[in-house]
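Following: one structure in structure tokens, then a few remarks.
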Amino acid sequence: MNARIIVGAQWGDEGKGKIVDILSAQADIVARYQGGANAGHTIVIGDKKYILHLIPSGILHSGVQCVIGNGVVLDPVALMEEIATLEAAGISVTGRLFISHQAHLIMPYHKLLDTAREQQSEMQIGTTGRGIGPAYIDKFSRIGIRIVDLLDRPSFEEKLRANLAEKNVILRKIYGREELSVDNIVNEYLDFDIKMDQFITDTSLFLNNALRDGKRVLMEGAQGALLDVDHGTYPYVTSSNPTSGGACAGLGIPPTAINSIIGVAKAYSTRVGNGPFPTELNDATGERLRIEGAEFGATTGRPRRCGWLDLPALRYSAMINGIMEFALTKLDVLDNFDEIKVCNQYMRFGKPVKSFPAAAETLDSIEPQYETLSGWNRSLKGIRRYEDLPAETRYYIEYIENFTGVRVSMISSSPAREDVIFR
Ligand code: GDP
Ligand code: IMO
Ligand code: MG
């Protein structure tokens, strides 16, 4: 399998970082294809914990090359901080990091507009405030500033000036914020250009050459299918396509090159930010999942909303992404539950719902139906073979497989790199 896509199958934070890190041992290149520093991918190795926002989760394997593709919106401030943190931990990115010259830049006004809009909005999405939505708006309005623009100072200044002519009016008149100065941003970004220059390249050419030469490429999704701007719980979504379809567009790799799609799914459900969440538990059980699963955002520290596994949503995600196998994470969080519920049917006004609803309002009025399964009441830590899992755990896994039609090929039972079962 030399071109694999790893996608989040739910609302993000499924444990993609851990799974990508593990699979990186069998990869030459790991590439991020969409999103930006809204992502927070955690990897735990021994007593060290790394949280990556922009740099692919393969970076902890010294022999792996890492790509930030054209589909990512890149915040140079976040990138510089992340490189500095990694270097301080003894991990060098020099010669191993490749950033697409076509990637769009997150500018200071994107972050200001993101938070100002959220504060003023009557329908808050609960964004991460990293400027993601406003940067993608500019990309699709064809006024975005790309990394390649940094190479030509007069043209960069001209594009920035045109952007600020509009943004400053919005910032001042609509949001009552201070205007930004062209000169300050030009100086700041040309300084970033000097620091980033060594990483910038034509990553599409780089990746296609690598695939032609038989190298193994892992494509690392950020966020999750239910946060996809087209297929997720719109408008409570992010502004890109985290689904597998986004990988080809976000990297310039043709769909014909892809031969494996792995969905990372958590053994229960979480969501951070606002929006419909049919199986959410606003009770002591939800609180228990949050505490036992340490469900606090890796990027913003916000408590994650928690609930039982939502199988209709997972089956929908498998369909949209073409998931060929699941990596099931955080099963250990359910270790001490006597009973575990799974949602296996959406009902609305007393009738079964046949397909995943498009409107957030419809999803909000879903009455999830549950089946109660027996818990296993013992620790899964240290188990390395599928056959050694308790019968109740295997039943839970096989229930998911039967419902979704997708095999669970990897099982994770702790944050640590070594706690994984390959099946
Ligand atoms: P990502 O955004 O999909 O990479 O996931 P996050 O890193 O935001 O959140 C997943 C959290 O769960 C992190 O704190 C991981 O260290 C942790 N984690 C990953 N896999 C497991 C697991 O199998 N069990 C437990 N208990 N924690 C896990
Ligand atoms: P990883 O890659 C979980 C959520 C935000 C908000 C919505 C829109 O770590 O799984 P945005 O800042 O993207 O405009 O916010 O999407 N969100 C995430 N939730 N995990 C993420 O990334 C997320 N990235 C964005 O909380 O609800
Ligand atoms: Mg995360």
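By order of appearance in the structure tokens: chains A, B, ..., then residues from 1 within every chain, and ligands from 1 in the order shown.
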- Message: Around ligand 2, which protein and nucleic acid residues have at least one atom no more than 8 Å from it, if we count only C-alpha atoms and all ligand atoms? List them as a PyMOL selection string.
- Response: chain A and resi 8+11-16+35-36+38-41+53+114+125-133+221-224+227+236-239+271-275+297-299
- Give me the residues within 7 Å of region 255-267 of chain A as a PyMOL selection string, counting only C-alpha atoms and dropping any in the same chain fewer than 4 places off. chain A and resi 1+3-10+14-16+248+309+322-331
Save the residues we just selected, N, CA and C atoms, as a PDB file, in the first residue's frame?
```pdb
ATOM      1  N   MET A   1       0.851  -1.195   0.000  1.00  0.00           N
ATOM      2  CA  MET A   1       0.000   0.000   0.000  1.00  0.00           C
ATOM      3  C   MET A   1       0.884   1.242   0.000  1.00  0.00           C
ATOM      4  N   ALA A   3       0.007   4.451  -1.205  1.00  0.00           N
ATOM      5  CA  ALA A   3      -0.659   5.762  -1.099  1.00  0.00           C
ATOM      6  C   ALA A   3      -1.895   5.606  -0.232  1.00  0.00           C
ATOM      7  N   ARG A   4      -1.737   5.925   1.050  1.00  0.00           N
ATOM      8  CA  ARG A   4      -2.803   5.706   2.034  1.00  0.00           C
ATOM      9  C   ARG A   4      -3.328   7.023   2.550  1.00  0.00           C
ATOM     10  N   ILE A   5      -4.643   7.089   2.664  1.00  0.00           N
ATOM     11  CA  ILE A   5      -5.249   8.276   3.275  1.00  0.00           C
ATOM     12  C   ILE A   5      -5.729   7.888   4.673  1.00  0.00           C
ATOM     13  N   ILE A   6      -5.426   8.727   5.655  1.00  0.00           N
ATOM     14  CA  ILE A   6      -5.913   8.519   7.028  1.00  0.00           C
ATOM     15  C   ILE A   6      -6.891   9.653   7.318  1.00  0.00           C
ATOM     16  N   VAL A   7      -8.153   9.300   7.550  1.00  0.00           N
ATOM     17  CA  VAL A   7      -9.150  10.350   7.808  1.00  0.00           C
ATOM     18  C   VAL A   7      -9.762  10.202   9.195  1.00  0.00           C
ATOM     19  N   GLY A   8     -10.174  11.318   9.743  1.00  0.00           N
ATOM     20  CA  GLY A   8     -10.969  11.309  10.970  1.00  0.00           C
ATOM     21  C   GLY A   8     -12.387  10.933  10.576  1.00  0.00           C
ATOM     22  N   ALA A   9     -12.963   9.925  11.252  1.00  0.00           N
ATOM     23  CA  ALA A   9     -14.267   9.416  10.828  1.00  0.00           C
ATOM     24  C   ALA A   9     -15.424  10.086  11.546  1.00  0.00           C
ATOM     25  N   GLN A  10     -15.141  10.916  12.563  1.00  0.00           N
ATOM     26  CA  GLN A  10     -16.235  11.531  13.331  1.00  0.00           C
ATOM     27  C   GLN A  10     -16.103  13.055  13.331  1.00  0.00           C
ATOM     28  N   GLU A  14     -10.093  12.032  16.979  1.00  0.00           N
ATOM     29  CA  GLU A  14     -10.295  10.577  17.077  1.00  0.00           C
ATOM     30  C   GLU A  14      -9.020   9.849  17.492  1.00  0.00           C
ATOM     31  N   GLY A  15      -7.898  10.572  17.441  1.00  0.00           N
ATOM     32  CA  GLY A  15      -6.610   9.928  17.717  1.00  0.00           C
ATOM     33  C   GLY A  15      -5.807   9.726  16.436  1.00  0.00           C
ATOM     34  N   LYS A  16      -6.039  10.624  15.470  1.00  0.00           N
ATOM     35  CA  LYS A  16      -5.333  10.529  14.188  1.00  0.00           C
ATOM     36  C   LYS A  16      -3.824  10.628  14.396  1.00  0.00           C
ATOM     37  N   CYS A 248      -6.763  14.334  -2.465  1.00  0.00           N
ATOM     38  CA  CYS A 248      -6.206  14.475  -3.814  1.00  0.00           C
ATOM     39  C   CYS A 248      -6.112  15.946  -4.202  1.00  0.00           C
ATOM     40  N   LEU A 309     -21.240   5.999  21.144  1.00  0.00           N
ATOM     41  CA  LEU A 309     -20.896   5.820  19.731  1.00  0.00           C
ATOM     42  C   LEU A 309     -22.145   5.945  18.867  1.00  0.00           C
ATOM     43  N   GLY A 322     -15.254   6.322   1.736  1.00  0.00           N
ATOM     44  CA  GLY A 322     -14.792   5.056   1.148  1.00  0.00           C
ATOM     45  C   GLY A 322     -13.814   4.350   2.081  1.00  0.00           C
ATOM     46  N   ILE A 323     -14.121   4.384   3.373  1.00  0.00           N
ATOM     47  CA  ILE A 323     -13.188   3.815   4.355  1.00  0.00           C
ATOM     48  C   ILE A 323     -13.061   2.309   4.131  1.00  0.00           C
ATOM     49  N   MET A 324     -11.830   1.838   4.031  1.00  0.00           N
ATOM     50  CA  MET A 324     -11.574   0.420   3.762  1.00  0.00           C
ATOM     51  C   MET A 324     -11.261  -0.337   5.041  1.00  0.00           C
ATOM     52  N   GLU A 325     -10.803   0.363   6.060  1.00  0.00           N
ATOM     53  CA  GLU A 325     -10.575  -0.251   7.376  1.00  0.00           C
ATOM     54  C   GLU A 325     -10.623   0.834   8.436  1.00  0.00           C
ATOM     55  N   PHE A 326     -10.972   0.419   9.647  1.00  0.00           N
ATOM     56  CA  PHE A 326     -11.005   1.364  10.769  1.00  0.00           C
ATOM     57  C   PHE A 326      -9.823   1.128  11.695  1.00  0.00           C
ATOM     58  N   ALA A 327      -9.296   2.232  12.231  1.00  0.00           N
ATOM     59  CA  ALA A 327      -8.432   2.173  13.412  1.00  0.00           C
ATOM     60  C   ALA A 327      -9.329   2.652  14.546  1.00  0.00           C
ATOM     61  N   LEU A 328      -9.624   1.775  15.492  1.00  0.00           N
ATOM     62  CA  LEU A 328     -10.546   2.111  16.579  1.00  0.00           C
ATOM     63  C   LEU A 328      -9.738   2.507  17.813  1.00  0.00           C
ATOM     64  N   THR A 329      -9.974   3.727  18.293  1.00  0.00           N
ATOM     65  CA  THR A 329      -9.154   4.245  19.397  1.00  0.00           C
ATOM     66  C   THR A 329      -9.955   4.395  20.689  1.00  0.00           C
ATOM     67  N   LYS A 330      -9.232   4.547  21.771  1.00  0.00           N
ATOM     68  CA  LYS A 330      -9.772   4.898  23.085  1.00  0.00           C
ATOM     69  C   LYS A 330     -10.773   3.884  23.637  1.00  0.00           C
ATOM     70  N   LEU A 331     -10.608   2.623  23.231  1.00  0.00           N
ATOM     71  CA  LEU A 331     -11.465   1.566  23.772  1.00  0.00           C
ATOM     72  C   LEU A 331     -11.282   1.451  25.283  1.00  0.00           C
TER      73      LEU A 331
END
```
List the neighbours of Tyr234 (chain A) out to 9 Å using only C-alpha atoms; skip same-chain residues closer than 4 positions along the sequence, and give me the result as a PDB file with all heavy atoms, in the first residue's frame.
```
ATOM      1  N   LEU A 226     -17.441  14.559   9.793  1.00  0.00           N
ATOM      2  CA  LEU A 226     -18.673  15.262  10.162  1.00  0.00           C
ATOM      3  C   LEU A 226     -18.436  16.760  10.349  1.00  0.00           C
ATOM      4  O   LEU A 226     -19.365  17.520  10.614  1.00  0.00           O
ATOM      5  CB  LEU A 226     -19.299  14.619  11.405  1.00  0.00           C
ATOM      6  CG  LEU A 226     -19.612  13.119  11.200  1.00  0.00           C
ATOM      7  CD1 LEU A 226     -20.032  12.465  12.499  1.00  0.00           C
ATOM      8  CD2 LEU A 226     -20.685  12.920  10.134  1.00  0.00           C
ATOM      9  N   LEU A 227     -17.170  17.176  10.164  1.00  0.00           N
ATOM     10  CA  LEU A 227     -16.844  18.614  10.149  1.00  0.00           C
ATOM     11  C   LEU A 227     -16.545  19.075   8.724  1.00  0.00           C
ATOM     12  O   LEU A 227     -16.122  20.204   8.496  1.00  0.00           O
ATOM     13  CB  LEU A 227     -15.620  18.891  11.039  1.00  0.00           C
ATOM     14  CG  LEU A 227     -15.823  18.781  12.560  1.00  0.00           C
ATOM     15  CD1 LEU A 227     -14.476  18.865  13.287  1.00  0.00           C
ATOM     16  CD2 LEU A 227     -16.754  19.881  13.064  1.00  0.00           C
ATOM     17  N   ASP A 228     -16.772  18.192   7.747  1.00  0.00           N
ATOM     18  CA  ASP A 228     -16.497  18.513   6.342  1.00  0.00           C
ATOM     19  C   ASP A 228     -17.489  19.577   5.859  1.00  0.00           C
ATOM     20  O   ASP A 228     -18.696  19.488   6.140  1.00  0.00           O
ATOM     21  CB  ASP A 228     -16.648  17.232   5.515  1.00  0.00           C
ATOM     22  CG  ASP A 228     -16.254  17.419   4.065  1.00  0.00           C
ATOM     23  OD1 ASP A 228     -17.047  18.016   3.295  1.00  0.00           O
ATOM     24  OD2 ASP A 228     -15.161  16.958   3.692  1.00  0.00           O
ATOM     25  N   VAL A 229     -16.988  20.550   5.118  1.00  0.00           N
ATOM     26  CA  VAL A 229     -17.855  21.669   4.703  1.00  0.00           C
ATOM     27  C   VAL A 229     -18.982  21.221   3.787  1.00  0.00           C
ATOM     28  O   VAL A 229     -20.056  21.823   3.766  1.00  0.00           O
ATOM     29  CB  VAL A 229     -17.000  22.815   4.095  1.00  0.00           C
ATOM     30  CG1 VAL A 229     -16.397  22.405   2.746  1.00  0.00           C
ATOM     31  CG2 VAL A 229     -17.800  24.101   3.959  1.00  0.00           C
ATOM     32  N   ASP A 230     -18.770  20.135   3.036  1.00  0.00           N
ATOM     33  CA  ASP A 230     -19.840  19.619   2.178  1.00  0.00           C
ATOM     34  C   ASP A 230     -20.660  18.532   2.855  1.00  0.00           C
ATOM     35  O   ASP A 230     -21.878  18.491   2.703  1.00  0.00           O
ATOM     36  CB  ASP A 230     -19.243  19.041   0.880  1.00  0.00           C
ATOM     37  CG  ASP A 230     -18.801  20.129  -0.070  1.00  0.00           C
ATOM     38  OD1 ASP A 230     -19.666  20.703  -0.737  1.00  0.00           O
ATOM     39  OD2 ASP A 230     -17.585  20.428  -0.125  1.00  0.00           O
ATOM     40  N   THR A 238     -15.989  22.830   9.654  1.00  0.00           N
ATOM     41  CA  THR A 238     -14.819  23.638   9.345  1.00  0.00           C
ATOM     42  C   THR A 238     -14.926  24.046   7.876  1.00  0.00           C
ATOM     43  O   THR A 238     -15.886  23.674   7.198  1.00  0.00           O
ATOM     44  CB  THR A 238     -13.517  22.870   9.674  1.00  0.00           C
ATOM     45  OG1 THR A 238     -12.418  23.794   9.595  1.00  0.00           O
ATOM     46  CG2 THR A 238     -13.280  21.695   8.739  1.00  0.00           C
ATOM     47  N   GLY A 275     -23.003  22.778  17.501  1.00  0.00           N
ATOM     48  CA  GLY A 275     -23.588  22.028  16.396  1.00  0.00           C
ATOM     49  C   GLY A 275     -24.219  20.736  16.854  1.00  0.00           C
ATOM     50  O   GLY A 275     -24.001  20.299  17.988  1.00  0.00           O
ATOM     51  N   ALA A 358     -29.396  16.294   6.195  1.00  0.00           N
ATOM     52  CA  ALA A 358     -28.558  17.400   5.718  1.00  0.00           C
ATOM     53  C   ALA A 358     -28.695  18.638   6.594  1.00  0.00           C
ATOM     54  O   ALA A 358     -27.754  19.412   6.715  1.00  0.00           O
ATOM     55  CB  ALA A 358     -28.945  17.747   4.287  1.00  0.00           C
ATOM     56  N   ALA A 359     -29.861  18.828   7.200  1.00  0.00           N
ATOM     57  CA  ALA A 359     -30.078  20.068   7.951  1.00  0.00           C
ATOM     58  C   ALA A 359     -29.734  19.890   9.423  1.00  0.00           C
ATOM     59  O   ALA A 359     -30.111  18.885  10.044  1.00  0.00           O
ATOM     60  CB  ALA A 359     -31.535  20.503   7.812  1.00  0.00           C
ATOM     61  N   ALA A 360     -29.020  20.871   9.950  1.00  0.00           N
ATOM     62  CA  ALA A 360     -28.640  20.824  11.368  1.00  0.00           C
ATOM     63  C   ALA A 360     -29.887  20.741  12.241  1.00  0.00           C
ATOM     64  O   ALA A 360     -29.905  20.036  13.258  1.00  0.00           O
ATOM     65  CB  ALA A 360     -27.816  22.061  11.723  1.00  0.00           C
TER      66      ALA A 360
END
```
- CA of Ala27 (chain A) and CA of Glu418 (chain A), how far apart in Å? 17.3 Å
- Query: So which one's closest to ligand 1, A:Pro154, A:Gly307, A:Pro278, A:Pro242? Using only C-alpha atoms and all ligand atoms, please.
  - Reply: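 For ligand 1, the nearest of the candidates is A:Pro242.
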- From A:Thr393, A:Ser412, A:Ser121, A:Gln65, residue lying nearest Val217 (chain A) [only C-alpha atoms]: A:Gln65
- Note on the structure: Of A:Ile145, A:Ile19, A:Ile366, A:Met107, the one sitting nearest ligand 1 when using only C-alpha atoms and all ligand atoms is A:Ile19
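Take the candidates A:Val64, A:Ile143, A:Ala318, A:Met80 and check each one against Gly95 (chain A) using only C-alpha atoms; the shortest distance goes to A:Val64.
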- Message: DSSP on the backbone: which residues in region 161-407 of chain A end up as helix (DSSP H, G or I)? Give the answer as a ChimeraX atom specification.
- Response: /A:161-174,182-199,203-212,225-227,245-251,255-257,284-292,311-321,331-334,360-364,386-388,391-404
File of the preceding selection, C-alpha atoms, as a compact mmCIF listing (two decimals), in the first residue's frame:
```txt
# COMPACT_ATOMS: atom_id res chain seq x y z
CA ARG A 161 -2.87 46.52 0.05
CA ALA A 162 -5.93 45.50 -1.95
CA ASN A 163 -6.97 43.06 0.79
CA LEU A 164 -6.48 45.53 3.59
CA ALA A 165 -8.43 48.24 1.78
CA GLU A 166 -11.46 45.99 2.26
CA LYS A 167 -10.56 44.23 5.51
CA ASN A 168 -9.73 47.39 7.41
CA VAL A 169 -13.17 48.82 6.67
CA ILE A 170 -14.81 45.63 7.92
CA LEU A 171 -12.59 45.49 11.00
CA ARG A 172 -13.27 49.12 11.91
CA LYS A 173 -16.85 49.70 10.81
CA ILE A 174 -18.43 46.35 11.54
CA VAL A 182 0.38 47.22 5.34
CA ASP A 183 4.00 47.99 6.19
CA ASN A 184 3.97 46.06 9.45
CA ILE A 185 2.54 42.97 7.79
CA VAL A 186 4.91 43.21 4.81
CA ASN A 187 7.91 43.33 7.14
CA GLU A 188 6.64 40.52 9.33
CA TYR A 189 5.82 38.23 6.38
CA LEU A 190 9.01 38.92 4.45
CA ASP A 191 10.85 37.88 7.59
CA PHE A 192 8.82 34.65 7.62
CA ASP A 193 9.69 34.20 3.97
CA ILE A 194 13.39 34.21 4.81
CA LYS A 195 12.83 31.63 7.55
CA MET A 196 10.52 29.42 5.48
CA ASP A 197 12.41 29.67 2.19
CA GLN A 198 14.33 26.41 2.73
CA PHE A 199 11.06 24.44 3.01
CA THR A 203 5.07 19.51 -3.33
CA SER A 204 2.73 18.07 -5.94
CA LEU A 205 5.69 17.32 -8.20
CA PHE A 206 7.65 16.04 -5.20
CA LEU A 207 4.83 13.64 -4.19
CA ASN A 208 4.10 12.40 -7.68
CA ASN A 209 7.79 11.70 -8.30
CA ALA A 210 7.96 9.89 -4.96
CA LEU A 211 4.97 7.70 -5.83
CA ARG A 212 6.46 6.96 -9.25
CA ALA A 225 -15.82 13.75 8.16
CA LEU A 226 -18.67 15.26 10.16
CA LEU A 227 -16.84 18.61 10.15
CA GLY A 245 -11.82 13.30 -1.44
CA GLY A 246 -9.99 16.34 -0.07
CA ALA A 247 -6.67 14.51 -0.05
CA CYS A 248 -6.21 14.48 -3.81
CA ALA A 249 -7.20 18.12 -4.28
CA GLY A 250 -5.15 19.18 -1.26
CA LEU A 251 -1.97 17.49 -2.42
CA PRO A 255 -7.36 9.66 -7.25
CA THR A 256 -6.03 6.78 -9.35
CA ALA A 257 -2.91 6.69 -7.15
CA ALA A 284 -23.02 12.11 34.72
CA THR A 285 -22.19 9.47 32.07
CA GLY A 286 -21.09 12.19 29.64
CA GLU A 287 -18.97 13.72 32.38
CA ARG A 288 -17.47 10.34 33.14
CA LEU A 289 -16.46 9.84 29.48
CA ARG A 290 -14.90 13.30 29.51
CA ILE A 291 -12.85 12.61 32.63
CA GLU A 292 -11.79 9.04 31.80
CA LEU A 311 -23.19 4.13 14.37
CA PRO A 312 -25.52 5.69 11.76
CA ALA A 313 -23.10 8.65 11.61
CA LEU A 314 -20.09 6.32 11.41
CA ARG A 315 -21.65 4.29 8.61
CA TYR A 316 -22.35 7.51 6.73
CA SER A 317 -18.76 8.58 7.25
CA ALA A 318 -17.51 5.23 5.95
CA MET A 319 -19.62 5.70 2.82
CA ILE A 320 -18.56 9.30 2.11
CA ASN A 321 -14.87 8.53 2.69
CA LEU A 331 -11.47 1.57 23.77
CA ASP A 332 -9.74 1.62 27.18
CA VAL A 333 -11.86 4.63 28.18
CA LEU A 334 -14.81 2.21 28.34
CA ALA A 360 -28.64 20.82 11.37
CA GLU A 361 -32.20 21.42 12.60
CA THR A 362 -33.21 17.90 11.55
CA LEU A 363 -30.18 16.38 13.26
CA ASP A 364 -31.04 18.34 16.38
CA TYR A 386 -6.93 -9.52 19.26
CA GLU A 387 -7.63 -13.01 20.65
CA ASP A 388 -6.50 -11.85 24.10
CA ALA A 391 -15.08 -11.50 24.76
CA GLU A 392 -17.24 -8.39 25.47
CA THR A 393 -14.62 -6.13 23.85
CA ARG A 394 -14.49 -8.32 20.76
CA TYR A 395 -18.28 -8.31 20.64
CA TYR A 396 -18.26 -4.50 20.75
CA ILE A 397 -15.71 -4.34 17.92
CA GLU A 398 -17.55 -6.89 15.81
CA TYR A 399 -20.84 -5.07 16.39
CA ILE A 400 -19.25 -1.97 14.85
CA GLU A 401 -17.92 -4.02 11.94
CA ASN A 402 -21.27 -5.65 11.25
CA PHE A 403 -23.12 -2.36 11.37
CA THR A 404 -20.72 -0.38 9.19
```
- Task: Find the residue from A:Thr201, A:Thr42, A:Thr115, A:Gln124 that sits nearest to ligand 3; use only C-alpha atoms and all ligand atoms when measuring.
- Result: A:Thr42
- CA of Gly293 (chain A) to CA of Val408 (chain A), distance in Å rounded to a single decimal: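 Taking CA of Gly293 (chain A) as the start and CA of Val408 (chain A) as the end point, the length is 20.4 Å.
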- Can you tell me how far CA of Thr372 (chain A) sits from CA of Glu280 (chain A), in Å to one decimal?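 These atoms are spaced 15.8 Å apart.
In this comparison, which uses only C-alpha atoms and all ligand atoms, the residue of A:Ile51, A:Ile200, A:Ala89, A:Ile68 approaching ligand 1 most closely is A:Ile51.
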- Looking only at the backbone, which of the residues in region 241-316 of chain A does DSSP tag as strand (DSSP E or B), as a PyMOL selection string? chain A and resi 260-266+269-271+280+296+303+305-307+309-310
Those selected residues, please, written with N, CA and C atoms and delivered as a compact mmCIF listing (two decimals), in the first residue's frame.
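Below is the file again_24.txt, written as the result:
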```
# COMPACT_ATOMS: atom_id res chain seq x y z
N SER A 260 -5.38 2.92 -0.42
CA SER A 260 -5.87 2.53 0.91
C SER A 260 -6.46 3.75 1.62
N ILE A 261 -7.60 3.54 2.28
CA ILE A 261 -8.23 4.63 3.04
C ILE A 261 -8.58 4.08 4.42
N ILE A 262 -7.94 4.65 5.43
CA ILE A 262 -8.16 4.20 6.81
C ILE A 262 -8.93 5.27 7.57
N GLY A 263 -10.01 4.88 8.22
CA GLY A 263 -10.77 5.83 9.02
C GLY A 263 -10.40 5.65 10.49
N VAL A 264 -10.07 6.75 11.15
CA VAL A 264 -9.79 6.67 12.59
C VAL A 264 -11.09 7.01 13.31
N ALA A 265 -11.54 6.08 14.16
CA ALA A 265 -12.81 6.27 14.88
C ALA A 265 -12.59 6.04 16.36
N LYS A 266 -13.18 6.90 17.15
CA LYS A 266 -13.12 6.76 18.60
C LYS A 266 -14.22 5.79 19.03
N SER A 269 -18.30 8.94 21.13
CA SER A 269 -18.32 10.16 20.30
C SER A 269 -17.91 11.37 21.12
N THR A 270 -17.21 12.30 20.45
CA THR A 270 -16.96 13.61 21.06
C THR A 270 -17.09 14.67 19.99
N ARG A 271 -17.30 15.87 20.46
CA ARG A 271 -17.34 17.01 19.53
C ARG A 271 -16.93 18.23 20.33
N GLU A 280 -25.16 13.00 22.20
CA GLU A 280 -24.52 13.73 23.31
C GLU A 280 -25.18 13.38 24.65
N PHE A 296 -10.34 17.01 26.58
CA PHE A 296 -10.17 18.46 26.55
C PHE A 296 -9.36 18.79 25.30
N PRO A 303 -13.36 21.89 27.02
CA PRO A 303 -13.89 20.55 27.30
C PRO A 303 -14.64 20.04 26.07
N ARG A 305 -17.47 17.85 24.19
CA ARG A 305 -18.79 17.25 24.47
C ARG A 305 -18.67 15.74 24.21
N CYS A 306 -19.30 14.93 25.05
CA CYS A 306 -19.13 13.48 24.95
C CYS A 306 -20.47 12.75 24.85
N GLY A 307 -20.44 11.59 24.21
CA GLY A 307 -21.65 10.76 24.12
C GLY A 307 -21.29 9.37 23.61
N LEU A 309 -21.24 6.00 21.14
CA LEU A 309 -20.90 5.82 19.73
C LEU A 309 -22.14 5.95 18.87
N ASP A 310 -22.01 6.72 17.79
CA ASP A 310 -23.12 6.98 16.88
C ASP A 310 -22.87 6.17 15.60
```
- Message: Show me, as a PyMOL selection string, the residues that have an atom within 8 Å of Val420 (chain A) when counting only C-alpha atoms, minus same-chain residues fewer than 5 positions from it.
- Response: chain A and resi 384+410-414
